[in-house]
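Dumped my_file_34.cif below, it's mmCIF, C-alpha atoms and all ligand atoms:
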```
data_work
loop_
_atom_site.label_atom_id
_atom_site.label_comp_id
_atom_site.auth_asym_id
_atom_site.auth_seq_id
_atom_site.Cartn_x
_atom_site.Cartn_y
_atom_site.Cartn_z
CA MET A 1 0.00 0.00 0.00
CA ASN A 2 2.67 2.51 -0.95
CA LEU A 3 3.85 4.35 -4.01
CA THR A 4 7.41 3.01 -4.27
CA ARG A 5 6.72 0.96 -7.40
CA TYR A 6 4.89 3.88 -8.98
CA ARG A 7 7.75 6.28 -8.29
CA THR A 8 10.61 4.01 -9.34
CA LYS A 9 9.03 3.56 -12.79
CA ARG A 10 8.89 7.29 -13.45
CA ASP A 11 11.21 10.30 -13.75
CA PHE A 12 9.15 13.25 -12.52
CA THR A 13 11.50 15.74 -14.14
CA ARG A 14 10.42 14.28 -17.50
CA THR A 15 6.75 13.43 -17.08
CA ALA A 16 3.96 15.68 -15.84
CA GLU A 17 2.33 12.81 -13.97
CA PRO A 18 1.95 13.57 -10.23
CA SER A 19 4.63 12.22 -7.89
CA GLY A 20 2.11 11.82 -5.09
CA ARG A 21 4.34 13.66 -2.65
CA SER A 22 1.54 15.81 -1.25
CA SER A 23 -0.56 14.20 1.42
CA PRO A 24 -3.79 12.98 -0.11
CA HIS A 25 -7.22 13.72 1.19
CA GLN A 26 -8.31 10.33 2.49
CA ARG A 27 -11.80 9.05 2.26
CA THR A 28 -12.90 6.11 4.27
CA GLY A 29 -15.91 3.85 4.07
CA ARG A 30 -17.48 2.31 1.02
CA ARG A 31 -18.08 5.32 -1.23
CA LEU A 32 -14.78 5.72 -3.01
CA LEU A 33 -13.45 7.72 -5.91
CA PHE A 34 -13.09 5.80 -9.16
CA VAL A 35 -11.67 6.89 -12.48
CA ILE A 36 -11.04 5.27 -15.83
CA GLN A 37 -8.27 6.63 -18.00
CA LYS A 38 -8.07 5.78 -21.69
CA HIS A 39 -4.39 5.32 -22.40
CA ALA A 40 -2.96 5.15 -25.91
CA ALA A 41 0.40 3.69 -24.90
CA ARG A 42 2.24 1.10 -26.99
CA ARG A 43 -1.16 -0.60 -26.94
CA LEU A 44 -4.45 1.15 -26.29
CA HIS A 45 -5.96 0.15 -22.95
CA TYR A 46 -8.13 1.49 -20.17
CA ASP A 47 -6.86 1.99 -16.63
CA PHE A 48 -9.49 1.36 -13.98
CA ARG A 49 -8.60 2.96 -10.65
CA LEU A 50 -10.42 2.78 -7.35
CA GLU A 51 -9.36 4.62 -4.23
CA LEU A 52 -8.35 2.74 -1.11
CA ASP A 53 -6.40 4.03 1.89
CA GLY A 54 -5.11 7.15 0.17
CA VAL A 55 -3.96 5.53 -3.09
CA LEU A 56 -5.65 4.44 -6.29
CA LYS A 57 -5.64 0.66 -6.66
CA SER A 58 -5.21 0.19 -10.41
CA TRP A 59 -6.00 -2.34 -13.11
CA ALA A 60 -5.12 -2.18 -16.80
CA VAL A 61 -8.05 -3.40 -18.89
CA PRO A 62 -6.80 -4.01 -22.45
CA LYS A 63 -10.24 -4.37 -24.06
CA GLY A 64 -12.13 -1.80 -22.02
CA VAL A 65 -14.96 -2.10 -19.54
CA PRO A 66 -17.64 -4.68 -20.49
CA VAL A 67 -21.21 -3.37 -20.83
CA VAL A 68 -23.17 -6.53 -21.64
CA GLN A 69 -24.29 -8.60 -18.65
CA GLY A 70 -22.03 -11.66 -18.23
CA GLU A 71 -19.19 -10.27 -20.35
CA LYS A 72 -15.71 -10.72 -18.86
CA ARG A 73 -12.59 -8.71 -19.57
CA LEU A 74 -9.04 -9.33 -18.47
CA ALA A 75 -7.90 -6.78 -15.85
CA VAL A 76 -4.26 -6.82 -14.81
CA GLN A 77 -3.56 -5.19 -11.48
CA VAL A 78 -0.70 -2.72 -11.74
CA GLU A 79 1.11 -0.54 -9.25
CA ASP A 80 -0.83 1.73 -6.88
CA HIS A 81 -1.11 5.28 -8.18
CA PRO A 82 -1.36 8.50 -6.13
CA VAL A 83 -4.86 9.88 -5.62
CA GLU A 84 -3.82 12.99 -7.58
CA TYR A 85 -3.55 10.78 -10.66
CA ALA A 86 -7.35 10.90 -10.82
CA ASN A 87 -6.98 14.35 -12.35
CA PHE A 88 -4.23 13.51 -14.80
CA GLU A 89 -4.83 13.95 -18.48
CA GLY A 90 -2.22 14.71 -21.11
CA THR A 91 0.69 13.23 -22.92
CA ILE A 92 3.48 11.22 -21.32
CA PRO A 93 6.56 12.04 -23.41
CA ALA A 94 8.25 9.41 -25.60
CA GLY A 95 10.90 7.40 -23.79
CA ASN A 96 9.06 7.55 -20.45
CA TYR A 97 7.15 4.75 -18.76
CA GLY A 98 3.65 4.55 -20.27
CA ALA A 99 4.52 7.03 -23.02
CA GLY A 100 1.41 8.12 -24.90
CA THR A 101 -1.85 9.99 -24.55
CA VAL A 102 -3.99 9.75 -21.43
CA MET A 103 -7.66 10.81 -21.36
CA LEU A 104 -9.77 11.02 -18.21
CA TRP A 105 -12.47 8.82 -19.71
CA ASP A 106 -14.81 8.51 -16.72
CA ALA A 107 -14.92 9.53 -13.06
CA GLY A 108 -17.32 9.19 -10.17
CA ILE A 109 -18.09 7.20 -7.07
CA GLY A 110 -17.41 3.49 -6.84
CA GLN A 111 -19.03 1.63 -4.00
CA VAL A 112 -17.71 -1.71 -2.87
CA LEU A 113 -20.77 -3.80 -1.98
CA ASP A 114 -21.06 -6.89 0.23
CA GLU A 115 -17.65 -6.61 1.88
CA GLU A 116 -15.52 -3.99 3.55
CA PRO A 117 -13.30 -2.66 0.69
CA ARG A 118 -9.96 -3.78 2.14
CA GLN A 119 -11.30 -7.23 2.95
CA ALA A 120 -12.81 -7.52 -0.55
CA LEU A 121 -9.44 -6.76 -2.14
CA ARG A 122 -7.69 -9.39 -0.02
CA ALA A 123 -10.41 -11.93 -0.75
CA GLY A 124 -10.03 -11.28 -4.48
CA LYS A 125 -13.66 -10.42 -5.14
CA ARG A 126 -14.99 -6.92 -5.28
CA VAL A 127 -18.61 -6.29 -6.13
CA LEU A 128 -18.80 -2.72 -7.37
CA HIS A 129 -21.52 -0.18 -7.94
CA LEU A 130 -20.21 2.57 -10.17
CA GLN A 131 -21.83 5.97 -10.47
CA GLY A 132 -19.75 7.61 -13.15
CA GLN A 133 -20.57 10.08 -15.86
CA LYS A 134 -20.52 7.31 -18.46
CA LEU A 135 -20.62 4.05 -16.52
CA LYS A 136 -23.50 3.38 -14.15
CA GLY A 137 -24.37 0.07 -12.56
CA HIS A 138 -22.78 -3.08 -11.22
CA TRP A 139 -19.48 -4.73 -12.09
CA THR A 140 -17.46 -7.40 -10.28
CA LEU A 141 -13.69 -7.72 -10.14
CA VAL A 142 -12.52 -11.28 -9.46
CA ARG A 143 -8.94 -12.38 -8.99
CA MET A 144 -8.01 -15.34 -11.19
CA ARG A 145 -5.06 -16.71 -9.28
CA ALA A 146 -4.76 -18.07 -5.78
CA ARG A 147 -3.63 -15.52 -3.24
CA GLU A 148 -0.60 -17.65 -2.35
CA GLU A 149 1.00 -16.96 -5.73
CA ALA A 150 3.84 -14.49 -5.91
CA GLU A 151 2.16 -12.16 -8.40
CA PRO A 152 -1.57 -12.43 -7.87
CA ASN A 153 -2.24 -9.68 -10.37
CA THR A 154 -4.58 -11.23 -12.90
CA TRP A 155 -8.24 -10.36 -12.43
CA LEU A 156 -11.42 -10.43 -14.49
CA LEU A 157 -13.71 -7.42 -14.74
CA ILE A 158 -17.19 -8.83 -15.22
CA LYS A 159 -20.41 -7.00 -16.06
CA THR A 160 -22.88 -8.25 -13.51
CA GLU A 161 -26.57 -7.69 -12.66
CA GLU A 162 -27.68 -5.91 -15.84
CA ASP A 163 -26.53 -4.54 -19.18
CA ALA A 164 -25.04 -1.06 -18.92
CA PRO A 165 -26.28 1.70 -21.21
CA ARG A 166 -24.30 1.66 -24.45
CA ILE A 167 -21.52 4.22 -24.73
CA SER A 168 -22.04 6.32 -27.86
CA ALA A 169 -19.14 6.79 -30.28
CA ARG A 170 -19.08 10.44 -29.27
CA ALA A 171 -18.89 9.65 -25.54
CA GLU A 172 -16.29 6.96 -26.19
CA ASP A 173 -13.87 9.57 -27.52
CA ARG A 174 -14.63 12.40 -25.09
CA SER A 175 -12.84 13.35 -21.88
CA VAL A 176 -14.98 13.94 -18.79
CA LEU A 177 -12.33 16.43 -17.62
CA SER A 178 -11.83 18.61 -20.69
CA GLY A 179 -14.31 17.44 -23.32
CA ARG A 180 -11.39 16.73 -25.63
CA THR A 181 -10.92 13.79 -27.98
CA MET A 182 -7.79 11.60 -27.88
CA LYS A 183 -6.60 13.38 -31.04
CA GLN A 184 -7.05 16.81 -29.43
CA ILE A 185 -5.23 15.78 -26.26
CA ALA A 186 -2.36 14.35 -28.33
CA ALA A 187 -2.21 17.46 -30.54
CA GLN A 188 -2.12 19.79 -27.54
CA GLY A 189 0.85 17.94 -26.11
CA GLY A 190 1.43 18.56 -22.43
CA PRO A 191 -1.15 18.30 -19.72
CA THR A 192 -3.67 21.07 -19.18
CA TRP A 193 -5.11 19.55 -16.06
CA GLN A 194 -3.47 22.00 -13.65
CA SER A 195 -5.80 24.81 -14.66
CA ASN A 196 -8.97 23.05 -13.65
CA ARG A 197 -7.74 20.11 -11.63
CA ASN A 198 -10.32 18.25 -9.60
CA GLN A 199 -13.19 19.83 -11.52
CA ALA A 200 -14.42 16.72 -13.31
CA VAL A 201 -13.91 14.49 -10.35
CA ARG A 202 -15.65 16.89 -7.99
CA ARG A 203 -18.54 17.30 -10.41
CA ALA A 204 -18.84 13.56 -10.89
CA SER A 205 -18.60 12.57 -7.30
CA GLY A 206 -20.12 15.51 -5.48
CA ARG A 207 -17.11 15.26 -3.21
CA ALA A 208 -13.86 17.10 -3.14
CA THR A 209 -10.37 15.88 -3.75
CA ARG A 210 -9.24 19.35 -2.84
CA PRO A 211 -5.74 20.15 -1.69
CA ALA A 212 -5.08 19.96 2.03
CA SER A 213 -4.61 23.75 2.28
CA ARG A 214 -8.19 24.32 1.18
CA VAL A 215 -9.50 21.74 3.58
CA ARG A 216 -7.72 23.50 6.43
CA ARG A 217 -9.07 26.88 5.37
CA ARG A 218 -12.65 25.59 5.43
CA ARG A 219 -12.28 24.21 8.91
CA ARG A 220 -11.17 27.52 10.36
MN MN B 301 -1.97 2.71 -18.51
#
```
File written out as structure tokens:
Amino acid sequence: MNLTRYRTKRDFTRTAEPSGRSSPHQRTGRRLLFVIQKHAARRLHYDFRLELDGVLKSWAVPKGVPVVQGEKRLAVQVEDHPVEYANFEGTIPAGNYGAGTVMLWDAGIGQVLDEEPRQALRAGKRVLHLQGQKLKGHWTLVRMRAREEAEPNTWLLIKTEEDAPRISARAEDRSVLSGRTMKQIAAQGGPTWQSNRNQAVRRASGRATRPASRVRRRRR
């Protein structure tokens, strides 16, 4: 539950991705921030991230989130990301880890049902209710390998309960942070997320991921 793996993969003098050095605003309970980033790296994939204990637990989903009930998609758990990553959109320069274009594809609240979120992660089964801007409904993440294995990182993301509303072609290629398409993000190069960071996430979730300084100010 720390960011060592995340940090050792990246050179923060060369990528605009957040280092996660600032202390994150921690939420507890079952209503957690989730985001999905569309990432045109060497191969296009979607990164599904769900907050837990001040980091974003992360899965790379090569074929995207399933929307038809019963559909299963491979989801490979990757290193924990800082909570600030939920606001990252832009281009990771060539030669850096994950080089390519990143779009904030969806954001909102993800509830872990049935189990306490930490326990569900350990048990390798997380029943989720997502309330995003694009994705709404139930999904289940199930770990494929036994927990005794050294790298228990292979999961399935399964559409459960009901079909999800279809994502239109327009919505598929539209950022919930900036309204931009993948082409526009790539063309504009560097990240523009600093100017309106947290906006999309706050709108989606009705909760703040505001910097600690602002939290302190409000409490005064
Ligand atoms: Mn990725």
Selection: 12 Å around Asp11 of chain A, only C-alpha atoms, excl. self and same-chain fewer than 5 positions, as an mmCIF file with C-alpha atoms, in the coordinates of the input:
```
data_model
loop_
_atom_site.group_PDB
_atom_site.id
_atom_site.type_symbol
_atom_site.label_atom_id
_atom_site.label_comp_id
_atom_site.auth_asym_id
_atom_site.auth_seq_id
_atom_site.Cartn_x
_atom_site.Cartn_y
_atom_site.Cartn_z
ATOM 1 C CA TYR A 6 4.890 3.880 -8.980
ATOM 2 C CA ALA A 16 3.960 15.680 -15.840
ATOM 3 C CA GLU A 17 2.330 12.810 -13.970
ATOM 4 C CA PRO A 18 1.950 13.570 -10.230
ATOM 5 C CA SER A 19 4.630 12.220 -7.890
ATOM 6 C CA ILE A 92 3.480 11.220 -21.320
ATOM 7 C CA PRO A 93 6.560 12.040 -23.410
ATOM 8 C CA GLY A 95 10.900 7.400 -23.790
ATOM 9 C CA ASN A 96 9.060 7.550 -20.450
ATOM 10 C CA TYR A 97 7.150 4.750 -18.760
ATOM 11 C CA GLY A 98 3.650 4.550 -20.270
ATOM 12 C CA ALA A 99 4.520 7.030 -23.020
#
```
As a quick test: using all atoms listed in the file, which residues lie no more than 10 Å away from ligand MN 301 (chain B)? Give them as a ChimeraX atom specification.
/A:36-48,58-62,78,97-102
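With all atoms listed in the file as the atoms that count, the residue of A:Ala120, A:Ile185, A:Val55, A:Met144 with the shortest distance to Tyr85 of chain A is A:Val55.
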Nearest to Leu128 of chain A: which of A:Leu104, A:Thr181, A:Leu33, A:Gly54 is it, counting only C-alpha atoms?
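The answer is A:Leu33, which sits nearest to Leu128 of chain A.
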Kindly indicate which residue among A:Arg7, A:Arg174, A:Asp80, A:Glu71 lies nearest to Leu50 of chain A, using all atoms listed in the file for the distances.
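Nearest candidate to Leu50 of chain A out of A:Arg7, A:Arg174, A:Asp80, A:Glu71: A:Asp80.
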Considering all atoms listed in the file, can you say which of A:Leu141, A:Ala164, A:Met103, A:Leu113 comes closest to Lys183 of chain A?
A:Met103
Could you check how far atom CA of Arg49 of chain A sits from atom CA of His81 of chain A, in Å to one decimal?
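Rounded to one decimal, the two atoms are 8.2 Å apart.
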Separation of atom CA of Arg14 of chain A from atom CA of Pro82 of chain A, in Å and rounded to one decimal
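Spanning atom CA of Arg14 of chain A to atom CA of Pro82 of chain A is a straight-line distance of 17.4 Å.
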Nearest residue to His129 of chain A out of A:Val67, A:Lys72, A:Leu32, A:Ser168, using all atoms listed in the file?
A:Leu32
Between atom CA of Pro66 of chain A and atom CA of Phe34 of chain A, what is the spacing in Å?
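The value is 16.1 Å.
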Test item: residues at most 8 Å from Trp139 of chain A, all atoms listed in the file, excluding those fewer than 2 positions along its chain, as a PDB file with C-alpha atoms, keeping the file's coordinate frame:
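For reference, result30.pdb as written:
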```pdb
ATOM      1  CA  VAL A 127     -18.610  -6.290  -6.130  1.00  0.00           C
ATOM      2  CA  LEU A 128     -18.800  -2.720  -7.370  1.00  0.00           C
ATOM      3  CA  HIS A 129     -21.520  -0.180  -7.940  1.00  0.00           C
ATOM      4  CA  LEU A 130     -20.210   2.570 -10.170  1.00  0.00           C
ATOM      5  CA  GLY A 137     -24.370   0.070 -12.560  1.00  0.00           C
ATOM      6  CA  LEU A 141     -13.690  -7.720 -10.140  1.00  0.00           C
ATOM      7  CA  LEU A 157     -13.710  -7.420 -14.740  1.00  0.00           C
ATOM      8  CA  ILE A 158     -17.190  -8.830 -15.220  1.00  0.00           C
ATOM      9  CA  LYS A 159     -20.410  -7.000 -16.060  1.00  0.00           C
ATOM     10  CA  THR A 160     -22.880  -8.250 -13.510  1.00  0.00           C
ATOM     11  CA  GLU A 161     -26.570  -7.690 -12.660  1.00  0.00           C
TER      12      GLU A 161
END
```
How would segment 84-116 of chain A look with N, CA and C atoms restored, written as an mmCIF file, in the coordinates of the input?
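So the final result, stored in selection-v6.cif, reads:
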```cif
data_model
loop_
_atom_site.group_PDB
_atom_site.id
_atom_site.type_symbol
_atom_site.label_atom_id
_atom_site.label_comp_id
_atom_site.auth_asym_id
_atom_site.auth_seq_id
_atom_site.Cartn_x
_atom_site.Cartn_y
_atom_site.Cartn_z
ATOM 1 N N GLU A 84 -3.855 11.865 -6.638
ATOM 2 C CA GLU A 84 -3.820 12.990 -7.580
ATOM 3 C C GLU A 84 -3.866 12.543 -9.033
ATOM 4 N N TYR A 85 -3.532 11.284 -9.276
ATOM 5 C CA TYR A 85 -3.550 10.780 -10.660
ATOM 6 C C TYR A 85 -4.962 10.810 -11.237
ATOM 7 N N ALA A 86 -5.959 10.858 -10.368
ATOM 8 C CA ALA A 86 -7.350 10.900 -10.820
ATOM 9 C C ALA A 86 -7.646 12.140 -11.650
ATOM 10 N N ASN A 87 -6.782 13.135 -11.570
ATOM 11 C CA ASN A 87 -6.980 14.350 -12.350
ATOM 12 C C ASN A 87 -5.996 14.465 -13.501
ATOM 13 N N PHE A 88 -5.255 13.406 -13.757
ATOM 14 C CA PHE A 88 -4.230 13.510 -14.800
ATOM 15 C C PHE A 88 -4.811 13.223 -16.175
ATOM 16 N N GLU A 89 -4.509 14.138 -17.070
ATOM 17 C CA GLU A 89 -4.830 13.950 -18.480
ATOM 18 C C GLU A 89 -3.750 14.670 -19.257
ATOM 19 N N GLY A 90 -3.263 14.059 -20.326
ATOM 20 C CA GLY A 90 -2.220 14.710 -21.110
ATOM 21 C C GLY A 90 -1.382 13.691 -21.829
ATOM 22 N N THR A 91 -0.187 14.104 -22.157
ATOM 23 C CA THR A 91 0.690 13.230 -22.920
ATOM 24 C C THR A 91 1.943 12.921 -22.107
ATOM 25 N N ILE A 92 2.231 11.646 -21.960
ATOM 26 C CA ILE A 92 3.480 11.220 -21.320
ATOM 27 C C ILE A 92 4.515 11.146 -22.434
ATOM 28 N N PRO A 93 5.617 11.922 -22.298
ATOM 29 C CA PRO A 93 6.560 12.040 -23.410
ATOM 30 C C PRO A 93 7.211 10.709 -23.804
ATOM 31 N N ALA A 94 7.561 10.601 -25.070
ATOM 32 C CA ALA A 94 8.250 9.410 -25.600
ATOM 33 C C ALA A 94 9.473 9.095 -24.752
ATOM 34 N N GLY A 95 9.730 7.827 -24.556
ATOM 35 C CA GLY A 95 10.900 7.400 -23.790
ATOM 36 C C GLY A 95 10.610 7.236 -22.311
ATOM 37 N N ASN A 96 9.436 7.707 -21.860
ATOM 38 C CA ASN A 96 9.060 7.550 -20.450
ATOM 39 C C ASN A 96 8.117 6.356 -20.293
ATOM 40 N N TYR A 97 8.037 5.878 -19.062
ATOM 41 C CA TYR A 97 7.150 4.750 -18.760
ATOM 42 C C TYR A 97 5.705 5.124 -19.114
ATOM 43 N N GLY A 98 5.044 4.292 -19.891
ATOM 44 C CA GLY A 98 3.650 4.550 -20.270
ATOM 45 C C GLY A 98 3.491 5.659 -21.292
ATOM 46 N N ALA A 99 4.551 5.935 -22.043
ATOM 47 C CA ALA A 99 4.520 7.030 -23.020
ATOM 48 C C ALA A 99 3.286 6.942 -23.910
ATOM 49 N N GLY A 100 2.620 8.082 -24.081
ATOM 50 C CA GLY A 100 1.410 8.120 -24.900
ATOM 51 C C GLY A 100 0.386 9.066 -24.316
ATOM 52 N N THR A 101 -0.793 9.057 -24.913
ATOM 53 C CA THR A 101 -1.850 9.990 -24.550
ATOM 54 C C THR A 101 -2.777 9.393 -23.503
ATOM 55 N N VAL A 102 -3.092 10.194 -22.495
ATOM 56 C CA VAL A 102 -3.990 9.750 -21.430
ATOM 57 C C VAL A 102 -5.216 10.666 -21.387
ATOM 58 N N MET A 103 -6.398 10.059 -21.481
ATOM 59 C CA MET A 103 -7.660 10.810 -21.360
ATOM 60 C C MET A 103 -8.367 10.401 -20.080
ATOM 61 N N LEU A 104 -8.901 11.377 -19.345
ATOM 62 C CA LEU A 104 -9.770 11.020 -18.210
ATOM 63 C C LEU A 104 -11.129 10.642 -18.803
ATOM 64 N N TRP A 105 -11.335 9.350 -18.943
ATOM 65 C CA TRP A 105 -12.470 8.820 -19.710
ATOM 66 C C TRP A 105 -13.764 8.778 -18.891
ATOM 67 N N ASP A 106 -13.627 8.498 -17.589
ATOM 68 C CA ASP A 106 -14.810 8.510 -16.720
ATOM 69 C C ASP A 106 -14.352 8.744 -15.279
ATOM 70 N N ALA A 107 -15.231 9.274 -14.469
ATOM 71 C CA ALA A 107 -14.920 9.530 -13.060
ATOM 72 C C ALA A 107 -16.221 9.554 -12.275
ATOM 73 N N GLY A 108 -16.131 9.154 -11.025
ATOM 74 C CA GLY A 108 -17.320 9.190 -10.170
ATOM 75 C C GLY A 108 -17.079 8.452 -8.881
ATOM 76 N N ILE A 109 -18.167 7.941 -8.328
ATOM 77 C CA ILE A 109 -18.090 7.200 -7.070
ATOM 78 C C ILE A 109 -18.217 5.711 -7.354
ATOM 79 N N GLY A 110 -17.323 4.944 -6.758
ATOM 80 C CA GLY A 110 -17.410 3.490 -6.840
ATOM 81 C C GLY A 110 -17.638 2.927 -5.460
ATOM 82 N N GLN A 111 -18.735 2.247 -5.306
ATOM 83 C CA GLN A 111 -19.030 1.630 -4.000
ATOM 84 C C GLN A 111 -18.651 0.168 -4.045
ATOM 85 N N VAL A 112 -17.985 -0.283 -3.001
ATOM 86 C CA VAL A 112 -17.710 -1.710 -2.870
ATOM 87 C C VAL A 112 -18.858 -2.302 -2.048
ATOM 88 N N LEU A 113 -19.612 -3.208 -2.651
ATOM 89 C CA LEU A 113 -20.770 -3.800 -1.980
ATOM 90 C C LEU A 113 -20.354 -5.086 -1.285
ATOM 91 N N ASP A 114 -21.216 -5.594 -0.461
ATOM 92 C CA ASP A 114 -21.060 -6.890 0.230
ATOM 93 C C ASP A 114 -19.987 -6.903 1.318
ATOM 94 N N GLU A 115 -18.771 -6.477 0.943
ATOM 95 C CA GLU A 115 -17.650 -6.610 1.880
ATOM 96 C C GLU A 115 -17.050 -5.245 2.172
ATOM 97 N N GLU A 116 -16.337 -5.167 3.255
ATOM 98 C CA GLU A 116 -15.520 -3.990 3.550
ATOM 99 C C GLU A 116 -14.453 -3.947 2.453
#
```
